[in-house]
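*Asks:* my_file_27.cif is reproduced below (mmCIF, C-alpha atoms).
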```cif
data_coords
loop_
_atom_site.label_atom_id
_atom_site.label_comp_id
_atom_site.auth_asym_id
_atom_site.auth_seq_id
_atom_site.Cartn_x
_atom_site.Cartn_y
_atom_site.Cartn_z
CA MET G 49 15.20 -19.37 -3.91
CA ALA G 50 17.07 -17.02 -6.26
CA ASN G 51 20.52 -16.06 -5.00
CA LEU G 52 21.29 -12.34 -5.32
CA THR G 53 24.64 -12.34 -3.53
CA ASN G 54 26.82 -9.33 -4.41
CA LEU G 55 24.10 -7.63 -6.47
CA LYS G 56 23.64 -3.91 -5.81
CA ILE G 57 20.04 -2.80 -6.18
CA LEU G 58 18.85 0.79 -6.05
CA MET G 59 15.27 1.66 -5.17
CA LEU G 60 13.97 5.15 -5.80
CA ALA G 61 10.53 6.00 -4.43
CA PRO G 62 8.46 9.16 -3.95
CA CYS G 63 7.94 10.13 -0.34
CA LEU G 64 5.59 12.40 1.60
CA GLY G 65 7.44 11.82 4.87
CA LYS G 66 4.77 9.54 6.31
CA PHE G 67 4.68 5.74 6.40
CA GLY G 68 2.19 4.42 3.85
CA GLY G 69 1.58 1.83 1.15
CA ILE G 70 4.69 2.51 -0.94
CA GLU G 71 6.90 2.50 2.16
CA THR G 72 5.34 -0.76 3.31
CA PHE G 73 5.94 -2.48 -0.02
CA CYS G 74 9.49 -1.16 -0.40
CA LEU G 75 10.55 -2.51 2.98
CA THR G 76 8.80 -5.84 2.44
CA LEU G 77 10.57 -6.36 -0.87
CA ILE G 78 13.88 -5.05 0.47
CA GLU G 79 13.78 -7.50 3.37
CA ASP G 80 13.36 -10.38 0.92
CA LEU G 81 16.22 -9.12 -1.27
CA ILE G 82 18.51 -8.69 1.73
CA HIS G 83 17.78 -12.25 2.84
CA ARG G 84 18.77 -13.41 -0.66
CA GLY G 85 22.18 -11.75 -0.34
CA ALA G 86 21.66 -8.48 -2.22
CA SER G 87 22.75 -5.03 -1.10
CA VAL G 88 19.94 -2.48 -1.34
CA ARG G 89 20.02 1.29 -1.27
CA LEU G 90 16.69 3.08 -0.85
CA LEU G 91 16.39 6.72 -1.83
CA ARG G 92 13.14 8.35 -0.72
CA LYS G 93 12.56 11.31 -3.02
CA LYS G 94 10.77 14.19 -1.33
CA VAL G 95 7.64 15.27 -3.20
CA ALA G 96 5.31 18.27 -2.85
CA GLY G 97 3.80 18.32 0.62
CA PHE G 98 6.68 16.40 2.20
CA GLN G 99 6.62 16.55 5.99
CA ASP G 100 8.65 14.09 8.05
CA ASN G 101 6.62 12.88 11.05
CA GLY G 102 9.02 10.12 12.12
CA SER G 103 6.69 7.23 11.22
CA ILE G 104 8.97 5.99 8.43
CA GLN G 105 12.01 5.72 10.71
CA LYS G 106 9.90 4.04 13.41
CA ASN G 107 8.59 1.33 11.11
CA GLU G 108 11.90 0.84 9.33
CA GLY G 109 13.64 0.38 12.67
CA GLU G 110 11.09 -2.20 13.77
CA ILE G 111 11.59 -4.26 10.62
CA ARG G 112 15.40 -4.05 10.72
CA SER G 113 15.46 -5.12 14.37
CA SER G 114 14.93 -8.73 13.28
CA TRP G 115 17.84 -8.70 10.81
CA THR G 116 21.35 -9.90 11.56
CA GLU G 117 24.13 -7.34 11.84
CA GLU G 118 25.55 -8.50 8.50
CA GLU G 119 22.16 -8.12 6.78
CA SER G 120 21.64 -4.66 8.22
CA LYS G 121 25.01 -3.54 6.81
CA ARG G 122 23.77 -4.33 3.31
CA PHE G 123 20.92 -1.82 3.50
CA SER G 124 20.90 1.96 3.59
CA SER G 125 18.18 4.55 3.18
CA GLN G 126 17.97 8.32 3.01
CA PHE G 127 15.72 11.18 1.97
CA VAL G 128 16.77 13.04 -1.18
CA SER G 129 15.54 16.15 -2.93
CA PRO G 130 14.56 16.24 -6.62
CA ARG G 131 17.60 16.39 -8.94
CA ASP G 132 19.92 15.62 -6.02
CA ALA G 133 23.35 14.56 -7.30
CA VAL G 134 23.08 11.50 -5.04
CA ILE G 135 20.43 10.03 -7.38
CA LYS G 136 22.77 10.11 -10.37
CA SER G 137 25.73 8.60 -8.49
CA ALA G 138 23.53 5.92 -6.89
CA VAL G 139 22.22 4.82 -10.30
CA ARG G 140 25.74 4.66 -11.68
CA GLU G 141 26.93 2.48 -8.79
CA SER G 142 24.01 0.02 -8.96
CA ASP G 143 23.48 -3.19 -10.93
CA LEU G 144 19.73 -2.60 -11.30
CA VAL G 145 17.28 0.22 -10.62
CA HIS G 146 13.75 -0.32 -9.30
CA LEU G 147 11.59 2.79 -9.59
CA HIS G 148 8.39 3.13 -7.61
CA ASN G 149 6.15 5.16 -9.92
CA PRO G 150 7.49 6.93 -13.03
CA ILE G 151 10.37 8.96 -11.62
CA VAL G 152 11.78 10.55 -14.76
CA GLU G 153 15.28 11.33 -13.53
CA GLY G 154 15.71 7.75 -12.32
CA GLU G 155 14.78 6.38 -15.75
CA TRP G 156 16.95 8.99 -17.47
CA HIS G 157 20.08 8.11 -15.49
CA ALA G 158 19.42 4.37 -15.86
CA LYS G 159 19.37 4.78 -19.65
CA LYS G 160 22.48 6.95 -19.57
CA PHE G 161 24.47 4.38 -17.58
CA ASN G 162 22.90 1.36 -19.32
CA LYS G 163 21.38 -0.06 -16.13
CA PRO G 164 18.37 -2.42 -16.19
CA CYS G 165 15.39 -0.47 -14.90
CA VAL G 166 12.09 -1.87 -13.64
CA MET G 167 9.07 0.07 -12.43
CA THR G 168 6.18 -0.57 -10.08
CA ILE G 169 3.32 1.74 -11.06
CA TYR G 170 0.94 2.58 -8.23
CA ASN G 171 -1.17 5.39 -9.66
CA TRP G 172 -3.71 5.48 -12.48
CA ARG G 173 -2.71 7.60 -15.45
CA ARG G 174 -3.96 11.17 -15.46
CA LYS G 175 -4.99 12.50 -18.86
CA GLY G 176 -3.78 15.71 -20.43
CA ILE G 177 -0.83 17.21 -22.31
CA HIS G 178 0.99 18.80 -19.39
CA PRO G 179 4.80 18.38 -19.73
CA ARG G 180 4.95 16.42 -16.47
CA LEU G 181 2.30 13.95 -17.64
CA LEU G 182 4.12 13.47 -20.95
CA ALA G 183 7.38 12.89 -19.07
CA TRP G 184 5.71 10.24 -16.91
CA ARG G 185 4.40 8.47 -20.01
CA TRP G 186 7.91 8.47 -21.46
CA ALA G 187 9.38 7.01 -18.26
CA VAL G 188 6.79 4.23 -18.14
CA SER G 189 7.35 3.34 -21.80
CA GLN G 190 11.13 3.08 -21.29
CA ALA G 191 11.13 0.70 -18.32
CA ASP G 192 12.47 -2.81 -18.96
CA ARG G 193 9.68 -4.26 -16.81
CA ARG G 194 6.43 -2.60 -15.80
CA TRP G 195 4.37 -3.93 -12.91
CA TYR G 196 0.95 -2.38 -12.32
CA ILE G 197 -0.54 -2.85 -8.88
CA SER G 198 -4.11 -3.49 -10.06
CA GLU G 199 -6.15 -4.13 -13.17
CA PHE G 200 -7.65 -0.67 -12.61
CA VAL G 201 -4.23 1.01 -12.77
CA TRP G 202 -3.08 -1.18 -15.69
CA ASP G 203 -6.16 -0.35 -17.74
CA SER G 204 -5.51 3.36 -17.34
CA TRP G 205 -2.00 3.06 -18.81
CA GLU G 206 -2.39 0.21 -21.31
CA LYS G 207 -5.73 -0.53 -22.91
CA LYS G 208 -3.79 -2.99 -25.05
CA ARG G 209 -1.39 -5.04 -22.94
CA LYS G 210 2.25 -4.58 -23.86
CA TYR G 211 5.22 -6.90 -23.74
CA ALA G 212 7.15 -6.74 -20.44
CA SER G 213 4.03 -5.49 -18.59
CA ALA G 214 2.09 -7.37 -15.93
CA ARG G 215 -0.23 -6.97 -12.97
CA LEU G 216 1.89 -7.76 -9.96
CA PRO G 217 0.19 -6.34 -6.89
CA VAL G 218 2.31 -4.85 -4.16
CA VAL G 219 2.58 -6.84 -0.98
CA SER G 220 3.24 -6.04 2.64
CA ARG G 221 4.26 -8.11 5.62
CA MET G 222 0.83 -9.58 6.12
CA PRO G 223 -0.56 -10.01 9.64
CA GLN G 224 -0.13 -13.50 11.05
CA GLY G 225 -2.60 -15.59 13.04
CA GLU G 226 -6.31 -15.05 13.55
CA THR G 227 -8.38 -13.76 16.43
CA PRO G 228 -11.45 -15.94 17.20
CA PRO G 229 -14.60 -14.24 15.85
CA ASP G 230 -16.14 -13.95 19.33
CA LYS G 231 -13.07 -11.99 20.51
CA ARG G 232 -13.26 -9.40 17.74
CA LYS G 233 -14.95 -6.03 18.05
CA GLY G 234 -16.15 -3.25 15.84
CA PHE G 235 -14.94 -1.55 12.71
CA LEU G 236 -11.42 -0.52 11.69
CA PHE G 237 -10.35 2.27 9.34
CA ILE G 238 -6.69 2.69 8.35
CA GLY G 239 -5.56 5.53 6.14
CA ARG G 240 -4.55 9.15 5.78
CA TRP G 241 -7.14 11.65 6.92
CA VAL G 242 -7.50 13.43 3.61
CA PRO G 243 -10.51 14.33 1.46
CA ASN G 244 -11.99 11.48 -0.57
CA LYS G 245 -10.39 8.70 1.48
CA GLY G 246 -13.78 8.18 3.10
CA ILE G 247 -13.20 9.24 6.70
CA ARG G 248 -15.85 11.98 6.47
CA ILE G 249 -18.63 9.73 5.21
CA LEU G 250 -17.56 6.96 7.58
CA LEU G 251 -17.96 9.23 10.63
CA GLU G 252 -21.34 10.42 9.34
CA ALA G 253 -22.57 6.87 8.72
CA TYR G 254 -21.25 5.63 12.07
CA ALA G 255 -22.97 8.49 13.91
CA ARG G 256 -26.30 7.47 12.31
CA LEU G 257 -25.69 3.78 13.06
CA GLU G 258 -26.21 4.26 16.81
CA ALA G 259 -24.74 0.84 17.61
CA ASP G 260 -23.50 -0.22 21.06
CA PRO G 261 -20.14 1.62 21.32
CA GLN G 262 -18.72 -1.16 23.52
CA GLU G 263 -19.44 -3.96 21.07
CA TRP G 264 -19.15 -1.89 17.90
CA PRO G 265 -16.41 0.71 18.39
CA LEU G 266 -14.95 2.50 15.36
CA THR G 267 -11.15 2.43 15.57
CA ILE G 268 -9.35 4.89 13.31
CA LEU G 269 -5.61 4.66 12.62
CA GLY G 270 -3.59 7.33 10.84
CA ASP G 271 -3.62 11.10 10.74
CA GLY G 272 -3.68 13.92 8.25
CA PRO G 273 -4.93 17.38 7.23
CA LEU G 274 -8.49 16.63 8.33
CA ARG G 275 -7.50 16.09 11.97
CA GLU G 276 -9.15 19.25 13.31
CA GLU G 277 -12.28 18.60 11.27
CA VAL G 278 -12.48 15.01 12.50
CA LEU G 279 -12.06 16.01 16.15
CA HIS G 280 -14.65 18.77 15.79
CA LYS G 281 -17.16 16.44 14.14
CA ILE G 282 -16.84 13.82 16.87
CA GLN G 283 -17.30 16.45 19.56
CA GLU G 284 -20.09 18.36 17.80
CA LYS G 285 -22.17 15.26 17.07
CA ARG G 286 -21.18 13.62 20.35
CA ILE G 287 -20.29 10.42 18.54
CA GLN G 288 -19.70 7.64 21.06
CA GLY G 289 -17.35 4.71 20.36
CA VAL G 290 -14.75 6.38 18.12
CA GLN G 291 -11.17 5.52 19.07
CA LEU G 292 -8.45 7.66 17.45
CA CYS G 293 -5.08 5.91 17.66
CA GLY G 294 -2.93 8.00 15.29
CA PHE G 295 0.06 6.51 13.50
CA VAL G 296 1.11 3.15 14.92
CA SER G 297 3.91 0.67 14.26
CA GLU G 298 3.51 -2.18 11.81
CA SER G 299 3.08 -4.75 14.59
CA GLU G 300 0.41 -2.60 16.26
CA ARG G 301 -1.41 -2.14 12.95
CA HIS G 302 -1.45 -5.90 12.49
CA ARG G 303 -2.87 -6.38 15.98
CA TYR G 304 -5.66 -3.88 15.37
CA THR G 305 -6.41 -5.62 12.07
CA ARG G 306 -6.64 -9.08 13.66
CA GLU G 307 -8.90 -7.86 16.46
CA ALA G 308 -11.39 -5.97 14.27
CA LYS G 309 -14.63 -7.57 13.20
CA TRP G 310 -14.73 -5.60 9.94
CA MET G 311 -12.22 -3.58 7.94
CA VAL G 312 -13.91 -0.50 6.46
CA THR G 313 -12.32 1.03 3.33
CA PRO G 314 -14.72 3.55 1.76
CA PRO G 315 -12.71 5.89 -0.53
CA HIS G 316 -14.22 7.88 -3.38
CA THR G 317 -11.02 9.03 -5.07
CA LYS G 318 -10.31 6.39 -7.77
CA GLU G 319 -8.18 4.46 -5.29
CA ASP G 320 -5.33 2.69 -7.06
CA LEU G 321 -5.30 -0.51 -5.02
CA GLY G 322 -6.29 -0.61 -1.37
CA LEU G 323 -3.73 -2.51 0.71
CA THR G 324 -5.60 -2.63 4.02
CA PRO G 325 -8.37 -4.94 2.68
CA LEU G 326 -5.69 -7.45 1.67
CA GLU G 327 -4.13 -7.34 5.12
CA ALA G 328 -7.55 -7.83 6.71
CA ARG G 329 -8.49 -10.74 4.48
CA SER G 330 -5.18 -12.48 5.20
CA VAL G 331 -6.34 -12.97 8.81
CA GLY G 332 -9.97 -13.69 7.95
CA VAL G 333 -11.37 -10.22 8.63
CA PRO G 334 -14.08 -9.41 6.07
CA CYS G 335 -14.35 -6.00 4.46
CA ILE G 336 -16.85 -3.24 3.95
CA ALA G 337 -15.60 -1.31 0.94
CA SER G 338 -16.65 1.12 -1.75
CA THR G 339 -16.63 0.11 -5.41
CA ASP G 340 -13.87 2.65 -6.00
CA GLY G 341 -10.99 1.95 -8.36
CA GLY G 342 -8.76 -0.93 -7.29
CA VAL G 343 -10.45 -1.34 -3.89
CA ARG G 344 -13.16 -3.38 -5.56
CA GLU G 345 -10.47 -5.89 -6.56
CA THR G 346 -8.64 -6.13 -3.24
CA ALA G 347 -11.68 -6.24 -0.95
CA GLY G 348 -12.70 -9.54 -2.55
CA LYS G 349 -15.90 -10.40 -4.36
CA HIS G 350 -17.64 -11.40 -1.11
CA ALA G 351 -17.15 -8.06 0.66
CA LEU G 352 -20.05 -5.78 1.57
CA PHE G 353 -19.91 -3.04 -1.05
CA CYS G 354 -21.21 0.52 -0.92
CA GLU G 355 -21.36 3.29 -3.49
CA PRO G 356 -18.35 5.66 -3.38
CA GLY G 357 -19.13 8.82 -1.46
CA ASN G 358 -22.64 7.69 -0.49
CA VAL G 359 -23.34 7.91 3.26
CA LYS G 360 -26.65 6.04 3.05
CA SER G 361 -25.08 3.20 1.10
CA LEU G 362 -22.24 2.86 3.62
CA LEU G 363 -24.71 3.04 6.52
CA ARG G 364 -26.66 0.16 4.96
CA CYS G 365 -23.48 -1.98 4.95
CA LEU G 366 -22.68 -1.10 8.56
CA ARG G 367 -26.19 -2.09 9.61
CA ILE G 368 -25.93 -5.42 7.78
CA ALA G 369 -22.67 -6.08 9.64
CA VAL G 370 -24.14 -5.23 13.05
CA LYS G 371 -27.24 -7.39 12.53
CA MET G 372 -25.33 -10.37 11.09
CA ASN G 373 -25.62 -13.55 13.19
CA GLU G 374 -22.60 -15.64 14.24
CA THR G 375 -23.18 -18.35 11.62
CA LYS G 376 -23.31 -15.88 8.75
CA TYR G 377 -20.29 -14.00 10.07
CA ALA G 378 -18.28 -17.24 10.28
CA GLU G 379 -19.17 -17.82 6.64
CA MET G 380 -17.96 -14.30 5.75
CA VAL G 381 -14.66 -15.00 7.52
CA ASN G 382 -14.04 -17.98 5.24
CA LEU G 383 -15.26 -16.18 2.12
CA ALA G 384 -12.88 -13.30 2.80
CA LYS G 385 -9.90 -15.53 2.03
CA ILE G 386 -11.19 -16.70 -1.36
CA GLY G 387 -9.10 -15.31 -4.21
CA LEU G 388 -6.51 -13.81 -1.88
CA LYS G 389 -3.67 -15.59 -3.70
CA ASP G 390 -4.38 -13.48 -6.77
CA TYR G 391 -2.97 -10.52 -4.87
CA VAL G 392 -0.71 -11.91 -2.16
CA ARG G 393 1.89 -13.29 -4.53
CA PRO G 394 5.37 -14.75 -3.88
CA LEU G 395 8.19 -12.23 -3.82
CA ASP G 396 10.28 -14.64 -5.91
CA GLU G 397 8.89 -13.05 -9.07
CA TYR G 398 10.84 -9.87 -8.42
CA SER G 399 14.24 -11.44 -7.81
CA GLU G 400 13.79 -13.79 -10.79
CA ASN G 401 13.04 -10.84 -13.06
CA TYR G 402 16.00 -8.92 -11.64
CA LEU G 403 18.39 -11.76 -12.43
CA GLN G 404 16.97 -12.24 -15.92
CA LEU G 405 17.44 -8.59 -16.79
CA ILE G 406 20.93 -8.38 -15.29
CA ASN G 407 22.03 -11.48 -17.23
CA GLN G 408 20.56 -10.05 -20.44
CA ASN G 409 22.35 -6.78 -19.85
CA CYS G 410 25.68 -8.55 -19.28
CA SER G 411 25.34 -10.59 -22.49
CA ASN G 412 24.60 -7.54 -24.66
#
```
What is this file in C-alpha cells?

*Replies:*
Amino acid sequence: MANLTNLKILMLAPCLGKFGGIETFCLTLIEDLIHRGASVRLLRKKVAGFQDNGSIQKNEGEIRSSWTEEESKRFSSQFVSPRDAVIKSAVRESDLVHLHNPIVEGEWHAKKFNKPCVMTIYNWRRKGIHPRLLAWRWAVSQADRRWYISEFVWDSWEKKRKYASARLPVVSRMPQGETPPDKRKGFLFIGRWVPNKGIRILLEAYARLEADPQEWPLTILGDGPLREEVLHKIQEKRIQGVQLCGFVSESERHRYTREAKWMVTPPHTKEDLGLTPLEARSVGVPCIASTDGGVRETAGKHALFCEPGNVKSLLRCLRIAVKMNETKYAEMVNLAKIGLKDYVRPLDEYSENYLQLINQNCSN
C-alpha cells in the first residue's frame, strides 16, 4: 500500500450542487488517500445550473463519520466560483492537482506553479470550434496523466491512443453483501430526472407492463427538473407500483440496490459511463440497460439490452424479466458479475501514479 504521508493533494471538480457520479468518485478516492496519510483539499467549482440541495453535505458527512478525528482533520471541502482566487492559492499550496474533467484554470495554474496535474475525463468530447471547446482540448492535452472513464469517452478524445492516457473507470464505494433472489422485488432506477436519462420512457413502458405492483414495483431514486411532469404522468395514467424516494444517502442507495431484482438504466443521451449498473452488478443484481454510450460497457455483456429511446424495446426487456423463472434468474445473477473486475479496479493505481509524478517533478 503506497504511503502518501505529508503529501498535499488538491482536487478540483465541477459541481451542480447535487450528489452524483463525480461526487461519489471524488469521495471514494479521497477516503483512500486519507487512509494512506495524504491531506486532501476538495474544491467544488460551481457550474451553470448550480443549485445546492444539501445532498452533497449529507453524503459527505455520512462517509466522514467513519473516519478518525485525525483523518478528518486532513480533509477539507468547499464550493468555489469560477476564477475564484482560492483556486489559484490552493494549486500553489499543493503537491499535486487532480482535475475532474478539463477545468482550464486548474490546468493553467498547475503549469504556472510547476505542479504535477492529472485529469479524470468523464464526458465525451463535443465537436466544434467554440473557444470553450478548444480550451478544453488544450487542458486535456496538457495533463500529465489522462484517465478516461470508458472506452466510449476515450474514443471520442483519442482515436489514436496517446502516451500517459488510459481507461481507468471511476469507482464508488460499492454496495456490500447480497440479498437472496427470493427476497428481492421489482425494478430500480437511480438518476437525475432530466430529459434523455430515460425516466420518461421507463414510466411509459412500466405503465404498459401491467405487472403485479406488489411483486414488481418500480422504485425511482433521485429528483430533477422533470419532477412535475413525472408526478403528473403517474397520476394521469394511474400507474400503480411506482415508489418515488427522492435523494437518499449512500447507505440507503446501497440498500435499495441490493433489494432490487433488476437495475434499469435506459438513457438515450450518449451516456459517458453509467455507474449504477456497476453498483448493481457488484451485489449480483442484473441490469436492463440501453445500448447508449458507456452504459453498454458497464451493464455487462449479459444484461438485457434495449434500443435507446425506444419504449417498445424497453417494454420487451421488462416483460422478459417478469416472465423469467427462478432458475434462469439465478443464472443471470451469476452472469452479472462476469467482467466486473474490468471496471471495479483497485484504487492503488491512483496513488502509485501520484507518487511517480511527484518524484519525477522533484528530480527535474

*Asks:* For Thr267 of chain G, work out the shell of residues within 6 Å, counting only C-alpha atoms and skipping chain neighbours fewer than 5 positions away, then give it as a PDB file with C-alpha atoms, keeping the file's coordinate frame.

*Replies:*
```pdb
ATOM      1  CA  LEU G 236     -11.420  -0.520  11.690  1.00  0.00           C
ATOM      2  CA  VAL G 290     -14.750   6.380  18.120  1.00  0.00           C
ATOM      3  CA  GLN G 291     -11.170   5.520  19.070  1.00  0.00           C
TER       4      GLN G 291
END
```

*Asks:* So how far away is atom CA of Val188 of chain G from atom CA of Phe98 of chain G, in Å?

*Replies:*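 Computed distance, atom CA of Phe98 of chain G to atom CA of Val188 of chain G, equals 23.7 Å.
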
*Asks:* Work out how far atom CA of Arg240 of chain G is from atom CA of Lys175 of chain G, in Å to one decimal.

*Replies:* 24.9 Å

*Asks:* Taking the file as shown, what set of residues would the PyMOL selection byres ((chain G and resi 365) around 9) give back, as a PDB file with C-alpha atoms, in the coordinates of the input?

*Replies:*
```
ATOM      1  CA  ILE G 336     -16.850  -3.240   3.950  1.00  0.00           C
ATOM      2  CA  ALA G 337     -15.600  -1.310   0.940  1.00  0.00           C
ATOM      3  CA  LEU G 352     -20.050  -5.780   1.570  1.00  0.00           C
ATOM      4  CA  PHE G 353     -19.910  -3.040  -1.050  1.00  0.00           C
ATOM      5  CA  CYS G 354     -21.210   0.520  -0.920  1.00  0.00           C
ATOM      6  CA  LYS G 360     -26.650   6.040   3.050  1.00  0.00           C
ATOM      7  CA  SER G 361     -25.080   3.200   1.100  1.00  0.00           C
ATOM      8  CA  LEU G 362     -22.240   2.860   3.620  1.00  0.00           C
ATOM      9  CA  LEU G 363     -24.710   3.040   6.520  1.00  0.00           C
ATOM     10  CA  ARG G 364     -26.660   0.160   4.960  1.00  0.00           C
ATOM     11  CA  LEU G 366     -22.680  -1.100   8.560  1.00  0.00           C
ATOM     12  CA  ARG G 367     -26.190  -2.090   9.610  1.00  0.00           C
ATOM     13  CA  ILE G 368     -25.930  -5.420   7.780  1.00  0.00           C
ATOM     14  CA  ALA G 369     -22.670  -6.080   9.640  1.00  0.00           C
ATOM     15  CA  VAL G 370     -24.140  -5.230  13.050  1.00  0.00           C
TER      16      VAL G 370
END
```

*Asks:* On this file, the PyMOL selection byres ((chain G and resi 224) around 9) gives some set of residues; write that set as a list in words.

*Replies:*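 Output from the PyMOL selection byres ((chain G and resi 224) around 9), applied to this file: Arg221, Met222, Pro223, Gly225, Glu226, His302, Arg306, Ser330 and Val331 of chain G.
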